[in-house]
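This is my_file-v2.tsv. It holds TSV, C-alpha atoms and all ligand atoms.
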chain	number	residue	atom	x	y	z
A	1	MET	CA	69.21	94.77	129.96
A	2	THR	CA	70.82	92.56	127.30
A	3	ARG	CA	68.60	90.11	125.45
A	4	ARG	CA	69.00	86.57	126.72
A	5	THR	CA	69.58	83.71	124.28
A	6	ARG	CA	66.83	81.11	124.52
A	7	LEU	CA	68.47	77.77	125.29
A	8	SER	CA	67.28	74.19	125.24
A	9	VAL	CA	69.13	71.43	127.11
A	10	LEU	CA	68.83	67.84	125.87
A	11	ALA	CA	69.57	65.15	128.46
A	12	SER	CA	69.05	61.39	128.76
A	13	GLY	CA	70.19	60.77	132.32
A	14	SER	CA	71.00	62.23	135.70
A	15	GLY	CA	71.40	65.78	134.46
A	16	SER	CA	74.15	67.10	136.71
A	17	ASN	CA	75.38	69.25	133.81
A	18	LEU	CA	71.82	70.43	133.24
A	19	GLN	CA	71.76	71.43	136.92
A	20	ALA	CA	74.99	73.41	136.50
A	21	LEU	CA	73.50	75.19	133.49
A	22	LEU	CA	70.22	75.91	135.28
A	23	GLU	CA	72.13	77.43	138.19
A	24	ALA	CA	74.41	79.47	135.91
A	25	CYS	CA	71.38	80.80	134.01
A	26	ALA	CA	69.42	81.65	137.18
A	27	PRO	CA	70.75	85.22	137.59
A	28	PRO	CA	68.91	87.53	135.16
A	29	GLU	CA	72.22	89.03	134.04
A	30	PHE	CA	73.38	85.70	132.55
A	31	PRO	CA	73.16	86.08	128.74
A	32	GLY	CA	71.25	82.81	128.26
A	33	LYS	CA	68.09	81.31	129.69
A	34	VAL	CA	67.01	77.65	129.65
A	35	VAL	CA	63.46	77.66	128.25
A	36	LEU	CA	63.04	73.96	127.50
A	37	VAL	CA	64.55	70.64	128.58
A	38	VAL	CA	63.95	67.62	126.36
A	39	SER	CA	64.74	64.01	127.13
A	40	ASP	CA	64.47	60.86	125.04
A	41	VAL	CA	64.08	58.88	128.29
A	42	PRO	CA	60.80	59.37	130.21
A	43	THR	CA	62.39	58.41	133.56
A	44	ALA	CA	65.45	60.67	133.24
A	45	ARG	CA	66.23	62.54	136.47
A	46	ALA	CA	67.05	65.54	134.30
A	47	LEU	CA	63.30	66.04	133.75
A	48	ASP	CA	62.75	66.36	137.53
A	49	ARG	CA	65.60	68.84	137.80
A	50	ALA	CA	64.05	70.96	135.05
A	51	ARG	CA	60.58	70.95	136.64
A	52	ALA	CA	62.06	71.76	140.07
A	53	ALA	CA	63.67	74.82	138.49
A	54	GLY	CA	60.35	75.83	136.89
A	55	VAL	CA	61.57	75.04	133.37
A	56	ALA	CA	59.37	73.29	130.79
A	57	ALA	CA	60.32	69.63	130.38
A	58	GLU	CA	59.24	67.40	127.50
A	59	VAL	CA	59.83	63.80	126.48
A	60	LEU	CA	60.37	62.83	122.86
A	61	GLU	CA	60.64	59.08	122.51
A	62	PRO	CA	62.55	57.83	119.46
A	63	ARG	CA	60.30	54.75	119.17
A	64	ALA	CA	57.41	57.07	118.31
A	65	PHE	CA	59.15	57.90	115.01
A	66	PRO	CA	59.79	55.73	111.94
A	67	ASP	CA	63.48	56.61	111.68
A	68	ARG	CA	66.24	58.84	112.98
A	69	GLY	CA	65.58	61.58	110.45
A	70	ALA	CA	61.94	61.85	111.50
A	71	PHE	CA	62.95	62.06	115.18
A	72	ASP	CA	65.54	64.74	114.38
A	73	ALA	CA	63.02	66.78	112.39
A	74	ALA	CA	60.42	66.55	115.17
A	75	LEU	CA	62.99	67.58	117.79
A	76	ALA	CA	64.11	70.57	115.71
A	77	GLY	CA	60.46	71.54	115.15
A	78	LEU	CA	59.69	71.36	118.87
A	79	LEU	CA	62.64	73.58	119.75
A	80	GLN	CA	61.92	76.06	116.98
A	81	ALA	CA	58.28	76.30	118.08
A	82	ARG	CA	59.55	77.43	121.51
A	83	GLY	CA	61.86	80.01	119.99
A	84	VAL	CA	65.03	78.12	120.98
A	85	GLU	CA	68.18	79.73	119.57
A	86	ALA	CA	70.93	77.44	120.88
A	87	VAL	CA	71.11	73.89	122.20
A	88	CYS	CA	73.19	72.24	124.92
A	89	LEU	CA	73.60	68.47	124.96
A	90	ALA	CA	74.13	67.26	128.51
A	91	GLY	CA	74.44	63.51	128.58
A	92	PHE	CA	72.12	63.16	125.57
A	93	MET	CA	72.73	59.61	124.39
A	94	ARG	CA	71.68	59.96	120.77
A	95	LEU	CA	73.51	61.06	117.64
A	96	LEU	CA	71.90	64.03	115.93
A	97	GLY	CA	71.82	64.13	112.15
A	98	PRO	CA	71.59	66.86	109.51
A	99	ARG	CA	67.85	67.39	109.88
A	100	PHE	CA	68.48	68.62	113.41
A	101	LEU	CA	71.90	70.22	113.09
A	102	SER	CA	71.02	72.27	109.99
A	103	ALA	CA	68.33	74.01	112.08
A	104	PHE	CA	70.97	75.28	114.55
A	105	PRO	CA	74.22	75.84	112.63
A	106	HIS	CA	77.18	76.30	115.03
A	107	ARG	CA	74.61	76.58	117.82
A	108	VAL	CA	74.75	73.09	119.37
A	109	LEU	CA	77.24	72.37	122.16
A	110	ASN	CA	78.15	69.10	123.89
A	111	VAL	CA	80.27	68.25	126.90
A	112	HIS	CA	82.44	65.11	126.91
A	113	PRO	CA	84.40	63.64	129.83
A	114	ALA	CA	87.84	63.43	128.15
A	115	LEU	CA	90.36	65.65	126.42
A	116	LEU	CA	89.13	65.06	122.87
A	117	PRO	CA	90.19	63.77	120.42
A	118	ALA	CA	91.32	61.22	123.03
A	119	PHE	CA	88.70	58.77	124.31
A	120	PRO	CA	85.56	59.64	122.34
A	121	GLY	CA	82.37	57.62	122.81
A	122	LEU	CA	81.17	55.81	125.90
A	123	HIS	CA	83.01	55.28	129.21
A	124	ALA	CA	85.69	57.89	128.63
A	125	ALA	CA	87.02	57.77	132.21
A	126	ARG	CA	87.27	53.98	131.96
A	127	GLN	CA	89.13	54.37	128.66
A	128	ALA	CA	91.56	56.82	130.29
A	129	LEU	CA	92.29	54.42	133.16
A	130	ALA	CA	92.79	51.52	130.75
A	131	ALA	CA	95.22	53.59	128.66
A	132	GLY	CA	97.24	54.55	131.75
A	133	VAL	CA	97.29	58.27	130.97
A	134	LYS	CA	98.34	60.65	133.75
A	135	LEU	CA	96.11	63.46	132.57
A	136	THR	CA	92.58	63.42	131.22
A	137	GLY	CA	89.79	65.99	131.52
A	138	CYS	CA	86.74	67.29	129.75
A	139	THR	CA	85.85	69.07	126.53
A	140	VAL	CA	83.06	71.36	125.39
A	141	HIS	CA	82.69	71.20	121.62
A	142	LEU	CA	80.35	72.20	118.84
A	143	VAL	CA	78.34	69.24	117.63
A	144	ASP	CA	78.71	67.82	114.15
A	145	GLU	CA	77.43	64.51	112.79
A	146	GLY	CA	80.26	62.43	114.24
A	147	VAL	CA	80.70	60.94	117.69
A	148	ASP	CA	82.40	63.66	119.77
A	149	THR	CA	84.19	65.03	116.71
A	150	GLY	CA	83.06	68.66	116.45
A	151	PRO	CA	85.29	71.76	116.80
A	152	ILE	CA	86.62	72.22	120.35
A	153	VAL	CA	85.49	75.29	122.33
A	154	ALA	CA	86.96	74.68	125.81
A	155	GLN	CA	88.89	72.05	127.72
A	156	ALA	CA	90.00	71.46	131.30
A	157	ALA	CA	92.63	68.97	132.43
A	158	VAL	CA	92.12	66.56	135.33
A	159	PRO	CA	95.03	64.49	136.72
A	160	VAL	CA	94.61	60.74	137.06
A	161	LEU	CA	95.60	59.94	140.63
A	162	GLU	CA	97.12	56.75	141.97
A	163	GLY	CA	94.37	54.45	143.19
A	164	ASP	CA	91.67	56.14	141.09
A	165	ASP	CA	88.75	54.03	140.06
A	166	GLU	CA	86.28	54.98	137.34
A	167	ALA	CA	83.77	56.54	139.73
A	168	ARG	CA	86.32	58.74	141.53
A	169	LEU	CA	87.92	59.90	138.30
A	170	GLN	CA	84.53	60.54	136.70
A	171	ALA	CA	83.44	62.62	139.71
A	172	ARG	CA	86.51	64.87	139.46
A	173	ILE	CA	86.01	65.23	135.70
A	174	GLN	CA	82.37	66.16	136.21
A	175	ALA	CA	83.29	68.89	138.68
A	176	GLU	CA	85.33	70.48	135.88
A	177	GLU	CA	82.49	69.96	133.38
A	178	HIS	CA	80.18	71.90	135.67
A	179	ARG	CA	82.69	74.76	135.66
A	180	ILE	CA	83.62	75.00	131.95
A	181	TYR	CA	80.24	74.19	130.36
A	182	PRO	CA	78.44	77.30	131.68
A	183	GLU	CA	81.43	79.43	130.66
A	184	ALA	CA	81.30	78.06	127.11
A	185	VAL	CA	77.54	78.63	126.98
A	186	ARG	CA	78.08	82.20	128.16
A	187	ALA	CA	80.60	82.75	125.34
A	188	LEU	CA	78.17	81.31	122.77
A	189	CYS	CA	75.32	83.49	124.02
A	190	GLU	CA	77.52	86.59	123.95
A	191	GLY	CA	78.52	85.88	120.34
A	192	ARG	CA	82.15	85.42	121.32
A	193	LEU	CA	82.77	82.17	119.37
A	194	ARG	CA	84.44	82.45	115.96
A	195	VAL	CA	84.50	79.17	114.07
A	196	ASP	CA	87.12	78.71	111.37
A	197	GLY	CA	87.08	75.12	110.15
A	198	ARG	CA	88.14	72.94	113.09
A	199	SER	CA	89.31	75.91	115.08
A	200	VAL	CA	87.15	77.95	117.45
A	201	ALA	CA	88.44	81.28	118.75
A	202	VAL	CA	86.82	82.45	121.98
A	203	ALA	CA	87.01	86.23	122.34
A	204	PRO	CA	87.40	87.58	125.88
A	205	PRO	CA	84.30	88.97	127.58
A	206	ALA	CA	83.56	92.65	126.91
A	207	GLY	CA	84.69	95.12	129.55
B	1	LIG	C1	78.77	63.80	131.37
B	1	LIG	O1	79.90	63.23	131.94
B	1	LIG	C2	79.05	64.26	129.97
B	1	LIG	O2	80.38	64.55	129.75
B	1	LIG	C3	78.64	63.08	129.11
B	1	LIG	O3	77.57	62.50	129.78
B	1	LIG	C4	77.66	62.77	131.17
B	1	LIG	C5	76.33	63.29	131.61
B	1	LIG	O4	76.26	63.46	132.99
B	1	LIG	N1	78.33	63.54	127.78
B	1	LIG	P1	75.08	64.26	133.65
B	1	LIG	O5	73.77	63.61	133.21
B	1	LIG	O6	75.19	65.68	133.22
B	1	LIG	O7	75.30	64.10	135.13
Structure rendered as structure tokens:
Amino acid sequence: MTRRTRLSVLASGSGSNLQALLEACAPPEFPGKVVLVVSDVPTARALDRARAAGVAAEVLEPRAFPDRGAFDAALAGLLQARGVEAVCLAGFMRLLGPRFLSAFPHRVLNVHPALLPAFPGLHAARQALAAGVKLTGCTVHLVDEGVDTGPIVAQAAVPVLEGDDEARLQARIQAEEHRIYPEAVRALCEGRLRVDGRSVAVAPPAG
């Protein structure tokens, strides 16, 4: 059996992407395994989803730390103590700085509900509706210190339909997130990502 990459998922909210990752990782043949879920919000539903799946869930509250760097260092230390090898942000509403990212170089992924570099930041579906675009979507990218600026790993397009409101558009985008995020995580775990500056090549699966 191939060795499974030890993953941590960081989530601040509902955790539907966490759920998709937990389900993808459930079969023992998946090359990654979620060993720890961490939230900065004690009431996050993501924590319940983790516990229901039998995965360790921890809360790390930013207010317990003097500054962002101290929080980042504590978070990195917690993950390293559990042998975490790669990290998935899933609705994690905090920016991570060098003290965290340097612990996991090219090993932190995020999912964003727009076709980056369009509509970074909050309320991406709302931004897409306001801009009147006909096509939006979602992006999985490697995390750097910017807001949704890291090298792009995977994208899926979602049409904006007549009469869409934010909730309907967001729901269709999320369905695509739940599809492409586990695939990107699989590629990372299988060592199929080659990063060259801003460009990420994803090699096809073996066999
Ligand atoms: C997702 O839409 C993701 O793109 C963004 O935050 C949202 C989290 O949703 N980064 P959920 O908590 O996974 O349901």
Write out as a PyMOL selection string the residues lying within 10 Å of A:Asn17, counting all atoms listed in the file and excluding same-chain residues fewer than 5 positions away.
-> chain A and resi 9+11+22-23+46+88-91+111+174-175+177-179+181-182
Might you pull out every residue within 7 Å of A:Pro113, with all atoms listed in the file counted and same-chain residues fewer than 2 positions away left off, and present them as a compact mmCIF listing (two decimals) with C-alpha atoms, in the coordinates of the input?
# COMPACT_ATOMS: atom_id res chain seq x y z
CA VAL A 111 80.27 68.25 126.90
CA ALA A 124 85.69 57.89 128.63
CA ALA A 125 87.02 57.77 132.21
CA GLY A 137 89.79 65.99 131.52
CA CYS A 138 86.74 67.29 129.75
CA THR A 139 85.85 69.07 126.53
CA ILE A 173 86.01 65.23 135.70
I'd like a table as CSV: residues in stretch 35-141 of chain A with an atom no more than 6 Å from stretch 145-152 of chain A, each row giving the shortest atom pair and its distance in Å to one decimal, only C-alpha atoms counted, sorted by chain and rising residue number.
residue,atom,partner,partner_atom,distance
A:Gly97,CA,A:Glu145,CA,5.7
A:Pro120,CA,A:Asp148,CA,5.7
A:His141,CA,A:Ile152,CA,4.3
Computed interatomic separation between atom CA of A:Phe71 and atom CA of A:Phe100 (Å) =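 For atom CA of A:Phe71 relative to atom CA of A:Phe100, the distance reads 8.8 Å.
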Nearest residue to ligand LIG 1 (chain B) from the set A:Arg49, A:Arg192, A:Lys134, A:Arg99 (distances using all atoms listed in the file) =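 Checking each candidate against ligand LIG 1 (chain B), we get A:Arg49 as the closest.
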At what distance in Å, to one decimal, does atom CA of A:Arg3 lie from atom CA of A:Leu60?
->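 About the pair atom CA of A:Leu60 and atom CA of A:Arg3: they are 28.6 Å apart.
If you look at atom CA of A:Pro205 and atom CA of A:Cys25, they are 16.6 Å away from each other.
Nearest to ligand LIG 1 (chain B) of all the residues A:Gly132, A:Gly197, A:Pro31, A:Gly15 is A:Gly15, counting all atoms listed in the file.
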For each of A:Met93, A:Pro117, A:Pro28, A:Asp196, take the minimum atom-to-atom distance to A:Thr2, counting all atoms listed in the file, then give the residue where this is smallest.
->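 Between A:Met93, A:Pro117, A:Pro28, A:Asp196, the residue approaching A:Thr2 most closely is A:Pro28.
Using all atoms listed in the file for every distance, the candidate list A:Thr43, A:Ser102, A:Asn110, A:Ser8 yields A:Asn110 as the residue closest to ligand LIG 1 (chain B).
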Tell me which of A:Pro66, A:Gly13, A:Pro27, A:Pro204 sits closest to ligand LIG 1 (chain B), counting only C-alpha atoms and all ligand atoms.
->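 Looking only at the distances to ligand LIG 1 (chain B), the closest residue turns out to be A:Gly13.
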The residue from A:Ala103, A:Ala167, A:Val38, A:Val87 with the smallest atom-to-atom distance to A:Leu142, counting all atoms listed in the file, is A:Val87
Exercise: stretch 52-57 of chain A partners within 7 Å, only C-alpha atoms, chain neighbours under 6 positions left out, as JSON, numbers by chain | {"A": [35, 36, 37, 38]}
Surrounding residues of A:Cys189 excluding itself and chain neighbours under 6 positions, 8 Å, all atoms listed in the file, as a PyMOL selection string = chain A and resi 4-5+31-32
Leaving out A:Val160 and any residue of its chain fewer than 5 positions from it, which residues lie within 8 Å of it when counting all atoms listed in the file, given as an MDAnalysis selection string?
-> chainID A and resid 129 133:136 169
Return as lines of an AutoDock Vina configuration file the box centre and box size in Å, one decimal, for an axis-aligned box around all listed atoms of stretch 74-88 of chain A padded by 4 Å per side.
center_x = 65.7
center_y = 73.3
center_z = 120.0
size_x = 22.9
size_y = 21.5
size_z = 17.8
Reconstruct all heavy atoms of stretch 143-154 of chain A; output as a PDB file, keeping the file's coordinate frame.
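Written output follows (out-v9.pdb):
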ATOM      1  N   VAL A 143      78.760  70.573 118.059  1.00  0.00           N
ATOM      2  CA  VAL A 143      78.340  69.240 117.630  1.00  0.00           C
ATOM      3  C   VAL A 143      78.267  69.182 116.111  1.00  0.00           C
ATOM      4  O   VAL A 143      77.675  70.066 115.472  1.00  0.00           O
ATOM      5  CB  VAL A 143      76.971  68.895 118.253  1.00  0.00           C
ATOM      6  CG1 VAL A 143      76.440  67.570 117.720  1.00  0.00           C
ATOM      7  CG2 VAL A 143      77.103  68.847 119.778  1.00  0.00           C
ATOM      8  N   ASP A 144      78.913  68.136 115.565  1.00  0.00           N
ATOM      9  CA  ASP A 144      78.710  67.820 114.150  1.00  0.00           C
ATOM     10  C   ASP A 144      78.110  66.410 114.090  1.00  0.00           C
ATOM     11  O   ASP A 144      77.670  65.887 115.115  1.00  0.00           O
ATOM     12  CB  ASP A 144      80.010  67.987 113.348  1.00  0.00           C
ATOM     13  CG  ASP A 144      81.101  67.028 113.806  1.00  0.00           C
ATOM     14  OD1 ASP A 144      80.790  66.074 114.553  1.00  0.00           O
ATOM     15  OD2 ASP A 144      82.262  67.231 113.408  1.00  0.00           O
ATOM     16  N   GLU A 145      78.143  65.795 112.911  1.00  0.00           N
ATOM     17  CA  GLU A 145      77.430  64.510 112.790  1.00  0.00           C
ATOM     18  C   GLU A 145      78.200  63.329 113.350  1.00  0.00           C
ATOM     19  O   GLU A 145      77.686  62.222 113.432  1.00  0.00           O
ATOM     20  CB  GLU A 145      77.054  64.273 111.332  1.00  0.00           C
ATOM     21  CG  GLU A 145      75.920  65.168 110.892  1.00  0.00           C
ATOM     22  CD  GLU A 145      75.619  65.013 109.420  1.00  0.00           C
ATOM     23  OE1 GLU A 145      75.556  63.865 108.957  1.00  0.00           O
ATOM     24  OE2 GLU A 145      75.456  66.056 108.753  1.00  0.00           O
ATOM     25  N   GLY A 146      79.457  63.547 113.734  1.00  0.00           N
ATOM     26  CA  GLY A 146      80.260  62.430 114.240  1.00  0.00           C
ATOM     27  C   GLY A 146      80.050  62.214 115.739  1.00  0.00           C
ATOM     28  O   GLY A 146      79.289  62.935 116.398  1.00  0.00           O
ATOM     29  N   VAL A 147      80.755  61.225 116.260  1.00  0.00           N
ATOM     30  CA  VAL A 147      80.700  60.940 117.690  1.00  0.00           C
ATOM     31  C   VAL A 147      81.821  61.727 118.376  1.00  0.00           C
ATOM     32  O   VAL A 147      82.999  61.375 118.263  1.00  0.00           O
ATOM     33  CB  VAL A 147      80.871  59.419 117.956  1.00  0.00           C
ATOM     34  CG1 VAL A 147      80.869  59.131 119.454  1.00  0.00           C
ATOM     35  CG2 VAL A 147      79.776  58.635 117.266  1.00  0.00           C
ATOM     36  N   ASP A 148      81.453  62.828 119.021  1.00  0.00           N
ATOM     37  CA  ASP A 148      82.400  63.660 119.770  1.00  0.00           C
ATOM     38  C   ASP A 148      83.525  64.208 118.891  1.00  0.00           C
ATOM     39  O   ASP A 148      84.682  64.276 119.311  1.00  0.00           O
ATOM     40  CB  ASP A 148      82.983  62.848 120.954  1.00  0.00           C
ATOM     41  CG  ASP A 148      81.895  62.291 121.856  1.00  0.00           C
ATOM     42  OD1 ASP A 148      80.912  63.008 122.107  1.00  0.00           O
ATOM     43  OD2 ASP A 148      82.020  61.142 122.309  1.00  0.00           O
ATOM     44  N   THR A 149      83.173  64.603 117.674  1.00  0.00           N
ATOM     45  CA  THR A 149      84.190  65.030 116.710  1.00  0.00           C
ATOM     46  C   THR A 149      84.166  66.521 116.382  1.00  0.00           C
ATOM     47  O   THR A 149      85.016  66.987 115.635  1.00  0.00           O
ATOM     48  CB  THR A 149      84.022  64.265 115.376  1.00  0.00           C
ATOM     49  OG1 THR A 149      82.651  64.383 114.973  1.00  0.00           O
ATOM     50  CG2 THR A 149      84.393  62.808 115.518  1.00  0.00           C
ATOM     51  N   GLY A 150      83.213  67.275 116.899  1.00  0.00           N
ATOM     52  CA  GLY A 150      83.060  68.660 116.450  1.00  0.00           C
ATOM     53  C   GLY A 150      84.162  69.583 116.977  1.00  0.00           C
ATOM     54  O   GLY A 150      84.919  69.216 117.881  1.00  0.00           O
ATOM     55  N   PRO A 151      84.249  70.802 116.417  1.00  0.00           N
ATOM     56  CA  PRO A 151      85.290  71.760 116.800  1.00  0.00           C
ATOM     57  C   PRO A 151      85.273  72.069 118.310  1.00  0.00           C
ATOM     58  O   PRO A 151      84.218  72.287 118.903  1.00  0.00           O
ATOM     59  CB  PRO A 151      84.934  73.008 115.992  1.00  0.00           C
ATOM     60  CG  PRO A 151      84.118  72.528 114.847  1.00  0.00           C
ATOM     61  CD  PRO A 151      83.380  71.322 115.337  1.00  0.00           C
ATOM     62  N   ILE A 152      86.473  72.094 118.892  1.00  0.00           N
ATOM     63  CA  ILE A 152      86.620  72.220 120.350  1.00  0.00           C
ATOM     64  C   ILE A 152      86.526  73.687 120.786  1.00  0.00           C
ATOM     65  O   ILE A 152      87.194  74.567 120.232  1.00  0.00           O
ATOM     66  CB  ILE A 152      87.960  71.604 120.779  1.00  0.00           C
ATOM     67  CG1 ILE A 152      87.887  70.082 120.593  1.00  0.00           C
ATOM     68  CG2 ILE A 152      88.287  71.949 122.238  1.00  0.00           C
ATOM     69  CD1 ILE A 152      89.212  69.363 120.742  1.00  0.00           C
ATOM     70  N   VAL A 153      85.704  73.938 121.795  1.00  0.00           N
ATOM     71  CA  VAL A 153      85.490  75.290 122.330  1.00  0.00           C
ATOM     72  C   VAL A 153      86.281  75.508 123.612  1.00  0.00           C
ATOM     73  O   VAL A 153      86.877  76.564 123.829  1.00  0.00           O
ATOM     74  CB  VAL A 153      83.978  75.523 122.602  1.00  0.00           C
ATOM     75  CG1 VAL A 153      83.734  76.866 123.266  1.00  0.00           C
ATOM     76  CG2 VAL A 153      83.176  75.417 121.312  1.00  0.00           C
ATOM     77  N   ALA A 154      86.284  74.523 124.505  1.00  0.00           N
ATOM     78  CA  ALA A 154      86.960  74.680 125.810  1.00  0.00           C
ATOM     79  C   ALA A 154      87.356  73.315 126.340  1.00  0.00           C
ATOM     80  O   ALA A 154      86.686  72.312 126.062  1.00  0.00           O
ATOM     81  CB  ALA A 154      86.007  75.352 126.805  1.00  0.00           C
TER      82      ALA A 154
END
